[in-house]
Amino acid sequence: MLEIQNLSVEVGGKRILNDLNLHIGEGEVHVLFGANGSGKTTLFLTILGFPGYNVVEGKIDFKGVDITEFNITDRVKLGMGVSFQHPPEIRGVKLGDVVEQLLERRGGGDAKALARKLNLSEEFLSRDLNLGFSGGEVKRSEILQLLAQNPDFFMFDEPDSGVDVENVELLGGITNEMLERDRRPSKRQKSALIISHIGYILNYIKADRAHVLLDGRIACSGMTEEIYNHILNEGFEGCVAKCGKEGVRCEF
Amino acid sequence: MKGLKAVLQNAEKKVLGVSSEEVKIESYRLKGGEHDSISSLKELDEYEGELLAAGIDPEEKGRSGSFLQQDHSVVFAKSLIPGLEILSTEEAIKKHSWLDEYLWNIVPADKDIYTKEVAERPTQGYFLRAEKGTKITLPLQSCLFISKDRIRQNVHNIVIAEENSELNIITGCTVAHTVSEALHLGISEFYVKKNAKITFTMVHNWSGGVDVRPRSATLIEDNGVFISNYIFMTPVKSLQMYPTAICAGENSRASFQSIIYAHGNTNIDSGSRIVLQGKGSRGEIISRAIATDDARIIAKGDLVGEAENVRGHLECRGLMLSDSSMIESIPELKARRKNIDLSHEAAVGKIAEEEIRYLMARGFTEDEAVGMIIRGFLSIDIKGLPEGLARETKKMFDMTLEKVM
Ligand SMILES: Nc1ncnc2c1ncn2[C@@H]1O[C@H](COP(=O)(O)OP(=O)(O)OP(=O)(O)O)[C@@H](O)[C@H]1O
Ligand SMILES: [Mg+2]
């Protein structure tokens, strides 16, 4: 689904990502851990094609197509869908209108029913995008838009930060469903990259693989549980201690 | 009522100091704009597009009455509802001897060269009146139409909602596409009596060669409500106006909402003022201005608090779509008592890149994203209108926006 090779990225003239490699197969869900400022959002926005995130080396293939030079819209039209960590407020653009338009693109659907699933009222749909939304509402509105969009490849940037336990459970359940985690692995077609520095959401979504981002490169990869437990016990630095500072990617 | 004059004149003087350059009135014709009356608005089918663009329905569907002035002649004036009067100003003066008190009462005749011109050489205008206790929720439509080149239209309008009455007005000023130059001077005096309500939704559909100088004022008595919605989306050579609402009565309310989309060489100097004189009165001014191409917009707002327990809010937002356009936002708050709550928000900027990108990340193209943001920016909630009229207004807004974008 997604194949990133030797990716180096500069933002504002500063190198943030360095020779990064990542492969996410069809039906796979991967988690990306990393300390604040390690470059998680930078990777997310680079995959999405944000201007200003300059790929100085390497390439990104999506569904077998080299999308390194694609603009955001074209990447999304190929089947990508994202939820943002900090979405902007857009005055006058109603959440409900956006959801309706996303549904229309797929031939229709019931926006209100989707909202209800996320515990969002009809009144909420008539609000301006992200304007005055609480932290939890922002995350739910992002997931609502993804539900309406139904892409093949999902990226979530911190879907669980600033969300209370109940809401993480709700979001986790719905995300599980969106990602077809209830099916047998061979039947799953949806893939995802979940960015999280806390990992609460992992209590509800069983990810196939996990990676740790450190100083702009993937320092170690492995089974989600193992990596997660290691981080919990030894911190992000722990995996460097284990894999060696200059170490290339290290498998747990 | 006469005591108000001094207050108003005083306030106006300050504003006129910064008005845009004066129009050469004499260069426009006062003759050659005479037309015969018509018996149905459908007779003007050659101008259907122009009328529709100004919110006028030639079939009069869902209307309580219609008024249409073409150039210098009132060609159609008809009320469909008892208790609603629709006349030309000239006829109204003949019919009602008391009307004298209402003419040049809240807009001083000697305010500026334009008011003087209309006082000396009036060319009609409308008289709309809801009789005591008559609540007319169905909108009436009035239209001031310029179809002849190089004329000047000097109209004087009087609108009266008597005690406990309600008037909903859609008014459109429009110009035939064949007109290359014209001047529109429009004096409007609105009277909202005790417990009465006027909603006034005005669409300006001018063209690039027209100079426009409306001069209007509203006097609101106890518990009266005046709601003005203004939509401007087609070019104009120059437009300068500063409508003023005086909340003279206790608990009276005034609200101005304006949506301005200026393109081409449009030059707009527009603002709204609310003077809160009655105890507990309230005012709200909301404006959205978009400037593109070489358009210039000065967007003003002025709230004056002169009585106890008054409250006012002013919100001016501007969006710049080109480097050669200009928006100047000038909000003013003046408090003359201690128990007063006046506030304002003003913001001018370009469309935020991150908003465009966010929508692109939902699969919209850049152009679609920009369109959604502009549409959203302009879509203020038009409050206080009866449902049918709110729908009409929204339709009118969508139609105009469709055309310009
Ligand atoms: N436009 C920019 N100009 C300069 N530096 C930037 C820019 N954008 C991001 N950075 C830097 O890149 C680094 C990585 O930022 P990024 O937002 O990707 O981190 P993150 O892993 O998502 O952190 P968090 O967990 O706090 O969300 C940070 O040091 C940040 O300051
Ligand atoms: Mg981040």
# chains A, B, ... in the order shown; residues from 1 in each chain; ligands from 1
>>> interface_residues(of="chain A", to="chain B", cutoff="7 Å", atoms="only C-alpha atoms", output="ChimeraX atom specification")
/A:72-73,76-77,88,90-93
>>> write_last_selection(atoms="all heavy atoms", output="tab-separated table (two decimals), in the first residue's frame")
chain	number	residue	atom	x	y	z
A	72	ILE	N	-1.71	17.45	-2.78
A	72	ILE	CA	-2.53	16.81	-1.73
A	72	ILE	C	-3.78	16.16	-2.32
A	72	ILE	O	-4.07	14.99	-2.07
A	72	ILE	CB	-2.98	17.84	-0.67
A	72	ILE	CG1	-1.77	18.57	-0.07
A	72	ILE	CG2	-3.78	17.17	0.44
A	72	ILE	CD1	-2.16	19.72	0.85
A	73	THR	N	-4.52	16.94	-3.10
A	73	THR	CA	-5.80	16.46	-3.63
A	73	THR	C	-5.62	15.14	-4.39
A	73	THR	O	-6.39	14.20	-4.20
A	73	THR	CB	-6.41	17.51	-4.59
A	73	THR	OG1	-6.31	18.78	-3.98
A	73	THR	CG2	-7.87	17.19	-4.89
A	76	VAL	N	-5.06	12.22	-2.13
A	76	VAL	CA	-6.30	11.84	-1.44
A	76	VAL	C	-7.22	11.12	-2.42
A	76	VAL	O	-7.87	10.12	-2.08
A	76	VAL	CB	-6.98	13.08	-0.82
A	76	VAL	CG1	-8.36	12.74	-0.28
A	76	VAL	CG2	-6.10	13.65	0.28
A	77	LYS	N	-7.25	11.61	-3.66
A	77	LYS	CA	-8.12	10.97	-4.65
A	77	LYS	C	-7.67	9.55	-4.97
A	77	LYS	O	-8.48	8.71	-5.36
A	77	LYS	CB	-8.18	11.82	-5.92
A	77	LYS	CG	-9.05	13.05	-5.70
A	77	LYS	CD	-9.48	13.72	-6.98
A	77	LYS	CE	-10.60	14.73	-6.68
A	77	LYS	NZ	-10.55	15.90	-7.55
A	88	PRO	N	-7.22	23.27	11.45
A	88	PRO	CA	-7.52	24.70	11.56
A	88	PRO	C	-9.01	24.96	11.68
A	88	PRO	O	-9.83	24.14	11.27
A	88	PRO	CB	-7.00	25.27	10.23
A	88	PRO	CG	-7.16	24.14	9.27
A	88	PRO	CD	-6.92	22.88	10.06
A	90	ILE	N	-12.25	26.79	10.40
A	90	ILE	CA	-12.68	27.43	9.15
A	90	ILE	C	-14.06	28.01	9.33
A	90	ILE	O	-15.06	27.30	9.39
A	90	ILE	CB	-12.65	26.45	7.96
A	90	ILE	CG1	-11.30	25.72	7.89
A	90	ILE	CG2	-12.90	27.21	6.66
A	90	ILE	CD1	-11.14	24.81	6.71
A	91	ARG	N	-14.10	29.31	9.44
A	91	ARG	CA	-15.33	30.04	9.71
A	91	ARG	C	-16.32	29.92	8.56
A	91	ARG	O	-15.96	30.11	7.40
A	91	ARG	CB	-14.95	31.51	9.90
A	91	ARG	CG	-15.81	32.28	10.83
A	91	ARG	CD	-15.16	33.64	11.07
A	91	ARG	NE	-14.29	33.59	12.24
A	91	ARG	CZ	-14.76	33.71	13.49
A	91	ARG	NH1	-16.04	33.86	13.72
A	91	ARG	NH2	-13.93	33.68	14.51
A	92	GLY	N	-17.55	29.57	8.89
A	92	GLY	CA	-18.61	29.56	7.88
A	92	GLY	C	-18.71	28.25	7.10
A	92	GLY	O	-19.70	28.02	6.43
A	93	VAL	N	-17.68	27.41	7.17
A	93	VAL	CA	-17.76	26.12	6.48
A	93	VAL	C	-18.27	25.10	7.50
A	93	VAL	O	-17.63	24.83	8.50
A	93	VAL	CB	-16.40	25.68	5.91
A	93	VAL	CG1	-16.50	24.32	5.26
A	93	VAL	CG2	-15.90	26.71	4.91
>>> select_by_dssp(residues="segment 33-164 of chain A", states="helix (DSSP H, G or I)", output="compact mmCIF listing (two decimals) with all heavy atoms, in the first residue's frame")
# COMPACT_ATOMS: atom_id res chain seq x y z
N LYS A 40 7.22 13.08 13.81
CA LYS A 40 6.04 12.27 13.44
C LYS A 40 5.10 13.05 12.51
O LYS A 40 4.71 12.57 11.45
CB LYS A 40 5.29 11.81 14.70
CG LYS A 40 6.12 11.01 15.68
CD LYS A 40 5.32 10.52 16.86
CE LYS A 40 4.73 11.63 17.73
NZ LYS A 40 5.75 12.44 18.44
N THR A 41 4.74 14.26 12.95
CA THR A 41 3.81 15.05 12.13
C THR A 41 4.47 15.43 10.80
O THR A 41 3.80 15.48 9.76
CB THR A 41 3.36 16.31 12.90
OG1 THR A 41 2.66 15.87 14.07
CG2 THR A 41 2.44 17.18 12.07
N THR A 42 5.76 15.65 10.83
CA THR A 42 6.47 15.97 9.59
C THR A 42 6.33 14.81 8.59
O THR A 42 6.04 15.04 7.41
CB THR A 42 7.96 16.23 9.89
OG1 THR A 42 8.04 17.30 10.83
CG2 THR A 42 8.71 16.60 8.63
N LEU A 43 6.49 13.60 9.07
CA LEU A 43 6.34 12.43 8.18
C LEU A 43 4.91 12.36 7.64
O LEU A 43 4.67 12.16 6.45
CB LEU A 43 6.69 11.14 8.94
CG LEU A 43 6.46 9.85 8.16
CD1 LEU A 43 7.34 9.81 6.90
CD2 LEU A 43 6.75 8.62 9.03
N PHE A 44 3.96 12.56 8.53
CA PHE A 44 2.54 12.54 8.18
C PHE A 44 2.23 13.55 7.07
O PHE A 44 1.64 13.23 6.05
CB PHE A 44 1.76 12.84 9.47
CG PHE A 44 0.30 13.14 9.34
CD1 PHE A 44 -0.64 12.12 9.44
CD2 PHE A 44 -0.16 14.44 9.17
CE1 PHE A 44 -2.00 12.40 9.37
CE2 PHE A 44 -1.51 14.72 9.08
CZ PHE A 44 -2.44 13.69 9.18
N LEU A 45 2.69 14.78 7.26
CA LEU A 45 2.39 15.83 6.29
C LEU A 45 3.16 15.63 4.98
O LEU A 45 2.70 16.03 3.91
CB LEU A 45 2.69 17.21 6.89
CG LEU A 45 1.80 17.60 8.08
CD1 LEU A 45 2.24 18.94 8.69
CD2 LEU A 45 0.32 17.68 7.67
N THR A 46 4.33 14.99 5.08
CA THR A 46 5.10 14.70 3.86
C THR A 46 4.38 13.63 3.04
O THR A 46 4.26 13.75 1.82
CB THR A 46 6.52 14.23 4.22
OG1 THR A 46 7.13 15.20 5.06
CG2 THR A 46 7.36 14.05 2.96
N ILE A 47 3.88 12.61 3.72
CA ILE A 47 3.14 11.56 3.00
C ILE A 47 1.89 12.16 2.34
O ILE A 47 1.51 11.82 1.24
CB ILE A 47 2.74 10.41 3.95
CG1 ILE A 47 3.98 9.72 4.52
CG2 ILE A 47 1.85 9.39 3.23
CD1 ILE A 47 3.71 8.70 5.62
N LEU A 48 1.30 13.14 3.03
CA LEU A 48 0.09 13.78 2.53
C LEU A 48 0.39 14.78 1.41
O LEU A 48 -0.50 15.14 0.64
CB LEU A 48 -0.61 14.47 3.71
CG LEU A 48 -1.99 15.08 3.47
CD1 LEU A 48 -2.97 14.04 2.93
CD2 LEU A 48 -2.53 15.68 4.76
N ILE A 72 -1.71 17.45 -2.78
CA ILE A 72 -2.53 16.81 -1.73
C ILE A 72 -3.78 16.16 -2.32
O ILE A 72 -4.07 14.99 -2.07
CB ILE A 72 -2.98 17.84 -0.67
CG1 ILE A 72 -1.77 18.57 -0.07
CG2 ILE A 72 -3.78 17.17 0.44
CD1 ILE A 72 -2.16 19.72 0.85
N THR A 73 -4.52 16.94 -3.10
CA THR A 73 -5.80 16.46 -3.63
C THR A 73 -5.62 15.14 -4.39
O THR A 73 -6.39 14.20 -4.20
CB THR A 73 -6.41 17.51 -4.59
OG1 THR A 73 -6.31 18.78 -3.98
CG2 THR A 73 -7.87 17.19 -4.89
N ASP A 74 -4.58 15.10 -5.23
CA ASP A 74 -4.39 13.90 -6.05
C ASP A 74 -4.04 12.68 -5.20
O ASP A 74 -4.46 11.57 -5.48
CB ASP A 74 -3.32 14.14 -7.11
CG ASP A 74 -3.80 15.14 -8.16
OD1 ASP A 74 -5.05 15.32 -8.26
OD2 ASP A 74 -2.97 15.75 -8.86
N ARG A 75 -3.29 12.89 -4.14
CA ARG A 75 -2.97 11.79 -3.24
C ARG A 75 -4.25 11.28 -2.57
O ARG A 75 -4.47 10.07 -2.48
CB ARG A 75 -1.97 12.24 -2.15
CG ARG A 75 -0.62 12.57 -2.72
CD ARG A 75 0.35 13.04 -1.64
NE ARG A 75 1.46 13.74 -2.28
CZ ARG A 75 2.72 13.67 -1.88
NH1 ARG A 75 3.04 12.95 -0.82
NH2 ARG A 75 3.65 14.33 -2.51
N VAL A 76 -5.06 12.22 -2.13
CA VAL A 76 -6.30 11.84 -1.44
C VAL A 76 -7.22 11.12 -2.42
O VAL A 76 -7.87 10.12 -2.08
CB VAL A 76 -6.98 13.08 -0.82
CG1 VAL A 76 -8.36 12.74 -0.28
CG2 VAL A 76 -6.10 13.65 0.28
N LYS A 77 -7.25 11.61 -3.66
CA LYS A 77 -8.12 10.97 -4.65
C LYS A 77 -7.67 9.55 -4.97
O LYS A 77 -8.48 8.71 -5.36
CB LYS A 77 -8.18 11.82 -5.92
CG LYS A 77 -9.05 13.05 -5.70
CD LYS A 77 -9.48 13.72 -6.98
CE LYS A 77 -10.60 14.73 -6.68
NZ LYS A 77 -10.55 15.90 -7.55
N LEU A 95 -19.36 21.71 9.28
CA LEU A 95 -18.91 20.31 9.32
C LEU A 95 -19.88 19.43 8.53
O LEU A 95 -19.47 18.59 7.73
CB LEU A 95 -18.82 19.84 10.78
CG LEU A 95 -18.59 18.34 10.98
CD1 LEU A 95 -17.25 17.91 10.39
CD2 LEU A 95 -18.64 17.98 12.47
N GLY A 96 -21.18 19.63 8.77
CA GLY A 96 -22.19 18.81 8.11
C GLY A 96 -22.11 18.90 6.58
O GLY A 96 -22.26 17.89 5.90
N ASP A 97 -21.84 20.10 6.06
CA ASP A 97 -21.74 20.27 4.60
C ASP A 97 -20.57 19.48 4.04
O ASP A 97 -20.66 18.87 2.98
CB ASP A 97 -21.59 21.75 4.23
CG ASP A 97 -22.87 22.53 4.46
OD1 ASP A 97 -23.93 21.88 4.64
OD2 ASP A 97 -22.83 23.77 4.48
N VAL A 98 -19.45 19.52 4.76
CA VAL A 98 -18.27 18.78 4.31
C VAL A 98 -18.58 17.28 4.30
O VAL A 98 -18.32 16.58 3.32
CB VAL A 98 -17.04 19.09 5.20
CG1 VAL A 98 -15.88 18.18 4.86
CG2 VAL A 98 -16.64 20.56 5.03
N VAL A 99 -19.18 16.81 5.41
CA VAL A 99 -19.50 15.39 5.50
C VAL A 99 -20.45 14.97 4.37
O VAL A 99 -20.24 13.95 3.71
CB VAL A 99 -20.11 15.05 6.88
CG1 VAL A 99 -20.63 13.62 6.93
CG2 VAL A 99 -19.08 15.28 7.98
N GLU A 100 -21.46 15.82 4.11
CA GLU A 100 -22.40 15.53 3.01
C GLU A 100 -21.66 15.40 1.68
O GLU A 100 -21.93 14.49 0.89
CB GLU A 100 -23.43 16.66 2.86
CG GLU A 100 -24.33 16.88 4.06
CD GLU A 100 -25.58 16.00 4.05
OE1 GLU A 100 -25.76 15.30 3.05
OE2 GLU A 100 -26.32 16.03 5.05
N GLN A 101 -20.75 16.33 1.45
CA GLN A 101 -20.03 16.30 0.16
C GLN A 101 -19.14 15.07 0.05
O GLN A 101 -19.00 14.51 -1.03
CB GLN A 101 -19.20 17.58 -0.02
CG GLN A 101 -20.08 18.79 -0.25
CD GLN A 101 -19.27 20.02 -0.63
OE1 GLN A 101 -18.57 20.05 -1.63
NE2 GLN A 101 -19.35 21.06 0.18
N LEU A 102 -18.54 14.67 1.17
CA LEU A 102 -17.70 13.47 1.15
C LEU A 102 -18.56 12.25 0.86
O LEU A 102 -18.17 11.36 0.09
CB LEU A 102 -16.97 13.30 2.49
CG LEU A 102 -15.93 14.37 2.82
CD1 LEU A 102 -15.34 14.15 4.21
CD2 LEU A 102 -14.81 14.37 1.79
N LEU A 103 -19.74 12.21 1.47
CA LEU A 103 -20.64 11.08 1.25
C LEU A 103 -21.12 11.04 -0.21
O LEU A 103 -21.19 9.98 -0.82
CB LEU A 103 -21.84 11.17 2.19
CG LEU A 103 -21.57 10.79 3.64
CD1 LEU A 103 -22.76 11.14 4.53
CD2 LEU A 103 -21.23 9.31 3.76
N GLU A 104 -21.43 12.23 -0.72
CA GLU A 104 -21.92 12.33 -2.09
C GLU A 104 -20.92 11.74 -3.08
O GLU A 104 -21.29 11.09 -4.04
CB GLU A 104 -22.14 13.80 -2.43
CG GLU A 104 -23.47 14.08 -3.11
CD GLU A 104 -23.80 15.56 -2.99
OE1 GLU A 104 -23.27 16.31 -3.81
OE2 GLU A 104 -24.54 15.93 -2.04
N ARG A 105 -19.65 11.99 -2.78
CA ARG A 105 -18.59 11.50 -3.66
C ARG A 105 -18.65 9.98 -3.78
O ARG A 105 -18.26 9.40 -4.78
CB ARG A 105 -17.25 11.91 -3.05
CG ARG A 105 -16.24 12.36 -4.08
CD ARG A 105 -14.93 12.66 -3.40
NE ARG A 105 -14.83 14.04 -2.94
CZ ARG A 105 -14.03 14.44 -1.95
NH1 ARG A 105 -13.28 13.57 -1.31
NH2 ARG A 105 -13.98 15.70 -1.60
N ALA A 111 -25.44 11.44 6.83
CA ALA A 111 -24.48 12.16 7.67
C ALA A 111 -24.89 12.11 9.15
O ALA A 111 -24.06 11.92 10.03
CB ALA A 111 -24.35 13.61 7.21
N LYS A 112 -26.20 12.28 9.37
CA LYS A 112 -26.67 12.32 10.76
C LYS A 112 -26.44 10.99 11.46
O LYS A 112 -26.05 10.95 12.63
CB LYS A 112 -28.16 12.67 10.80
CG LYS A 112 -28.40 14.14 10.53
CD LYS A 112 -29.90 14.41 10.44
CE LYS A 112 -30.15 15.62 9.54
NZ LYS A 112 -31.46 15.57 8.91
N ALA A 113 -26.66 9.90 10.73
CA ALA A 113 -26.47 8.57 11.32
C ALA A 113 -25.00 8.37 11.69
O ALA A 113 -24.68 7.85 12.77
CB ALA A 113 -26.94 7.49 10.35
N LEU A 114 -24.10 8.81 10.82
CA LEU A 114 -22.67 8.68 11.11
C LEU A 114 -22.31 9.50 12.34
O LEU A 114 -21.57 9.05 13.20
CB LEU A 114 -21.83 9.17 9.92
CG LEU A 114 -21.82 8.32 8.65
CD1 LEU A 114 -20.78 8.84 7.67
CD2 LEU A 114 -21.53 6.86 8.99
N ALA A 115 -22.87 10.72 12.40
CA ALA A 115 -22.58 11.60 13.54
C ALA A 115 -23.04 10.95 14.84
O ALA A 115 -22.34 10.98 15.85
CB ALA A 115 -23.25 12.95 13.33
N ARG A 116 -24.23 10.33 14.77
CA ARG A 116 -24.78 9.69 15.96
C ARG A 116 -23.83 8.60 16.47
O ARG A 116 -23.61 8.46 17.66
CB ARG A 116 -26.15 9.10 15.65
CG ARG A 116 -27.25 9.69 16.52
CD ARG A 116 -28.62 9.17 16.12
NE ARG A 116 -29.13 9.86 14.93
CZ ARG A 116 -29.59 9.24 13.84
NH1 ARG A 116 -29.60 7.92 13.78
NH2 ARG A 116 -30.05 9.92 12.82
N LYS A 117 -23.25 7.88 15.53
CA LYS A 117 -22.31 6.83 15.90
C LYS A 117 -21.16 7.38 16.74
O LYS A 117 -20.61 6.70 17.58
CB LYS A 117 -21.68 6.25 14.62
CG LYS A 117 -22.30 4.94 14.16
CD LYS A 117 -21.64 4.49 12.88
CE LYS A 117 -20.76 3.27 13.11
NZ LYS A 117 -20.51 2.53 11.87
N GLU A 122 -26.99 16.47 15.93
CA GLU A 122 -27.32 17.10 14.66
C GLU A 122 -26.89 18.57 14.68
O GLU A 122 -26.39 19.10 13.70
CB GLU A 122 -28.84 17.01 14.46
CG GLU A 122 -29.28 17.11 13.03
CD GLU A 122 -30.76 16.79 12.91
OE1 GLU A 122 -31.20 15.73 13.41
OE2 GLU A 122 -31.47 17.62 12.34
N GLU A 123 -27.09 19.18 15.83
CA GLU A 123 -26.70 20.59 16.01
C GLU A 123 -25.20 20.76 15.77
O GLU A 123 -24.76 21.74 15.19
CB GLU A 123 -27.09 21.03 17.44
CG GLU A 123 -26.76 22.46 17.81
CD GLU A 123 -25.40 22.62 18.48
OE1 GLU A 123 -25.02 21.69 19.25
OE2 GLU A 123 -24.72 23.62 18.24
N PHE A 124 -24.45 19.76 16.17
CA PHE A 124 -23.00 19.82 16.00
C PHE A 124 -22.61 19.89 14.52
O PHE A 124 -21.66 20.57 14.14
CB PHE A 124 -22.34 18.61 16.67
CG PHE A 124 -20.86 18.74 16.83
CD1 PHE A 124 -20.33 19.48 17.88
CD2 PHE A 124 -19.99 18.16 15.92
CE1 PHE A 124 -18.96 19.62 18.02
CE2 PHE A 124 -18.61 18.29 16.06
CZ PHE A 124 -18.10 19.03 17.11
N LEU A 125 -23.38 19.19 13.69
CA LEU A 125 -23.10 19.19 12.25
C LEU A 125 -23.25 20.58 11.63
O LEU A 125 -22.65 20.88 10.61
CB LEU A 125 -24.04 18.22 11.53
CG LEU A 125 -23.77 16.73 11.74
CD1 LEU A 125 -24.85 15.90 11.05
CD2 LEU A 125 -22.40 16.35 11.21
N GLY A 135 -11.31 19.55 22.66
CA GLY A 135 -10.28 18.63 22.20
C GLY A 135 -10.87 17.31 21.70
O GLY A 135 -10.54 16.83 20.62
N GLY A 136 -11.78 16.75 22.49
CA GLY A 136 -12.39 15.48 22.13
C GLY A 136 -13.27 15.62 20.90
O GLY A 136 -13.32 14.72 20.05
N GLU A 137 -13.96 16.76 20.79
CA GLU A 137 -14.84 16.98 19.63
C GLU A 137 -14.03 17.09 18.34
O GLU A 137 -14.44 16.59 17.29
CB GLU A 137 -15.68 18.25 19.83
CG GLU A 137 -16.82 18.04 20.81
CD GLU A 137 -17.50 19.35 21.24
OE1 GLU A 137 -16.93 20.43 20.99
OE2 GLU A 137 -18.58 19.27 21.85
N VAL A 138 -12.86 17.73 18.43
CA VAL A 138 -11.99 17.83 17.25
C VAL A 138 -11.68 16.43 16.74
O VAL A 138 -11.83 16.13 15.56
CB VAL A 138 -10.67 18.57 17.60
CG1 VAL A 138 -9.63 18.33 16.52
CG2 VAL A 138 -10.92 20.06 17.76
N LYS A 139 -11.27 15.54 17.64
CA LYS A 139 -10.88 14.19 17.22
C LYS A 139 -12.08 13.45 16.63
O LYS A 139 -11.96 12.75 15.62
CB LYS A 139 -10.35 13.39 18.43
CG LYS A 139 -9.18 14.03 19.13
CD LYS A 139 -7.94 14.13 18.26
CE LYS A 139 -6.82 14.83 19.01
NZ LYS A 139 -5.71 15.21 18.14
N ARG A 140 -13.24 13.61 17.26
CA ARG A 140 -14.42 12.89 16.76
C ARG A 140 -14.85 13.43 15.41
O ARG A 140 -15.28 12.68 14.54
CB ARG A 140 -15.55 12.97 17.79
CG ARG A 140 -15.36 11.94 18.90
CD ARG A 140 -16.53 11.92 19.85
NE ARG A 140 -16.46 13.05 20.78
CZ ARG A 140 -17.51 13.56 21.40
NH1 ARG A 140 -18.71 13.07 21.18
NH2 ARG A 140 -17.36 14.58 22.23
N SER A 141 -14.71 14.76 15.24
CA SER A 141 -15.09 15.34 13.95
C SER A 141 -14.14 14.85 12.85
O SER A 141 -14.55 14.60 11.71
CB SER A 141 -15.11 16.86 14.06
OG SER A 141 -14.49 17.48 12.97
N GLU A 142 -12.86 14.70 13.19
CA GLU A 142 -11.89 14.18 12.21
C GLU A 142 -12.27 12.75 11.80
O GLU A 142 -12.25 12.41 10.62
CB GLU A 142 -10.47 14.20 12.79
CG GLU A 142 -9.88 15.58 12.99
CD GLU A 142 -9.60 16.30 11.67
OE1 GLU A 142 -8.77 15.83 10.88
OE2 GLU A 142 -10.26 17.33 11.43
N ILE A 143 -12.60 11.94 12.79
CA ILE A 143 -12.96 10.54 12.49
C ILE A 143 -14.27 10.48 11.70
O ILE A 143 -14.43 9.68 10.78
CB ILE A 143 -13.08 9.70 13.79
CG1 ILE A 143 -11.76 9.72 14.57
CG2 ILE A 143 -13.49 8.26 13.48
CD1 ILE A 143 -10.56 9.15 13.85
N LEU A 144 -15.19 11.40 12.03
CA LEU A 144 -16.46 11.45 11.30
C LEU A 144 -16.19 11.69 9.80
O LEU A 144 -16.78 11.05 8.93
CB LEU A 144 -17.34 12.57 11.87
CG LEU A 144 -18.62 12.89 11.11
CD1 LEU A 144 -19.58 11.70 11.15
CD2 LEU A 144 -19.30 14.13 11.68
N GLN A 145 -15.30 12.64 9.52
CA GLN A 145 -14.98 12.94 8.12
C GLN A 145 -14.32 11.74 7.44
O GLN A 145 -14.58 11.46 6.27
CB GLN A 145 -14.10 14.18 8.03
CG GLN A 145 -14.83 15.45 8.49
CD GLN A 145 -13.91 16.66 8.57
OE1 GLN A 145 -13.38 17.11 7.57
NE2 GLN A 145 -13.72 17.18 9.76
N LEU A 146 -13.48 11.03 8.19
CA LEU A 146 -12.85 9.83 7.63
C LEU A 146 -13.89 8.74 7.33
O LEU A 146 -13.83 8.06 6.31
CB LEU A 146 -11.81 9.27 8.60
CG LEU A 146 -10.41 9.86 8.49
CD1 LEU A 146 -9.50 9.21 9.51
CD2 LEU A 146 -9.84 9.64 7.09
N LEU A 147 -14.84 8.60 8.26
CA LEU A 147 -15.92 7.62 8.08
C LEU A 147 -16.65 7.91 6.78
O LEU A 147 -16.95 7.01 6.00
CB LEU A 147 -16.92 7.72 9.23
CG LEU A 147 -16.83 6.74 10.38
CD1 LEU A 147 -17.92 7.05 11.39
CD2 LEU A 147 -16.94 5.30 9.91
N ALA A 148 -16.93 9.20 6.55
CA ALA A 148 -17.67 9.60 5.35
C ALA A 148 -16.81 9.38 4.10
O ALA A 148 -17.31 9.05 3.04
CB ALA A 148 -18.08 11.06 5.46
N GLN A 149 -15.52 9.56 4.27
CA GLN A 149 -14.60 9.47 3.13
C GLN A 149 -14.30 8.02 2.75
O GLN A 149 -14.18 7.70 1.58
CB GLN A 149 -13.30 10.15 3.56
CG GLN A 149 -12.58 10.92 2.49
CD GLN A 149 -11.34 11.57 3.07
OE1 GLN A 149 -11.35 12.02 4.22
NE2 GLN A 149 -10.28 11.61 2.29
>>> residues_near_ligand(ligand="ligand 1", cutoff="8 Å", atoms="only C-alpha atoms and all ligand atoms", output="list in words")
Val11, Gly12, Gly13, Lys14, Ile16, Gly34, Ala35, Asn36, Gly37, Ser38, Gly39, Lys40, Thr41, Thr42, Leu43, Phe44, Gly52, Gln85, Asp157, Glu158, Ser196, His197, Leu213 and Gly216 of chain A
>>> residues_around(residues="Met326 of chain B", least_positions_apart="3", cutoff="7 Å", atoms="only C-alpha atoms", output="ChimeraX atom specification")
/B:291,295-297
>>> select_by_dssp(residues="segment 19-126 of chain A", states="strand (DSSP E or B)", output="PyMOL selection string")
chain A and resi 19-24+29-34+53-62+65-66+80-83+90-94
>>> residues_around(residues="Ile146 of chain B", least_positions_apart="4", cutoff="9 Å", atoms="only C-alpha atoms", output="NGL selection string")
:B and (33 or 69-72 or 151-153 or 173-176 or 179 or 182 or 184)
>>> closest_residue(among="A:Phe70, A:Glu237, A:Gly79, A:Arg184", to="Asp215 of chain A", atoms="only C-alpha atoms")
A:Glu237
>>> atom_distance(atom1="atom CA of Thr234 of chain B", atom2="atom CA of Ile330 of chain B")
22.8 Å
>>> atom_distance(atom1="atom CA of Glu90 of chain B", atom2="atom CA of Ala119 of chain B")
12.7 Å
>>> closest_residue(among="B:Leu41, B:Leu87, B:Val370, B:Leu167", to="Tyr191 of chain B", atoms="only C-alpha atoms")
B:Leu167
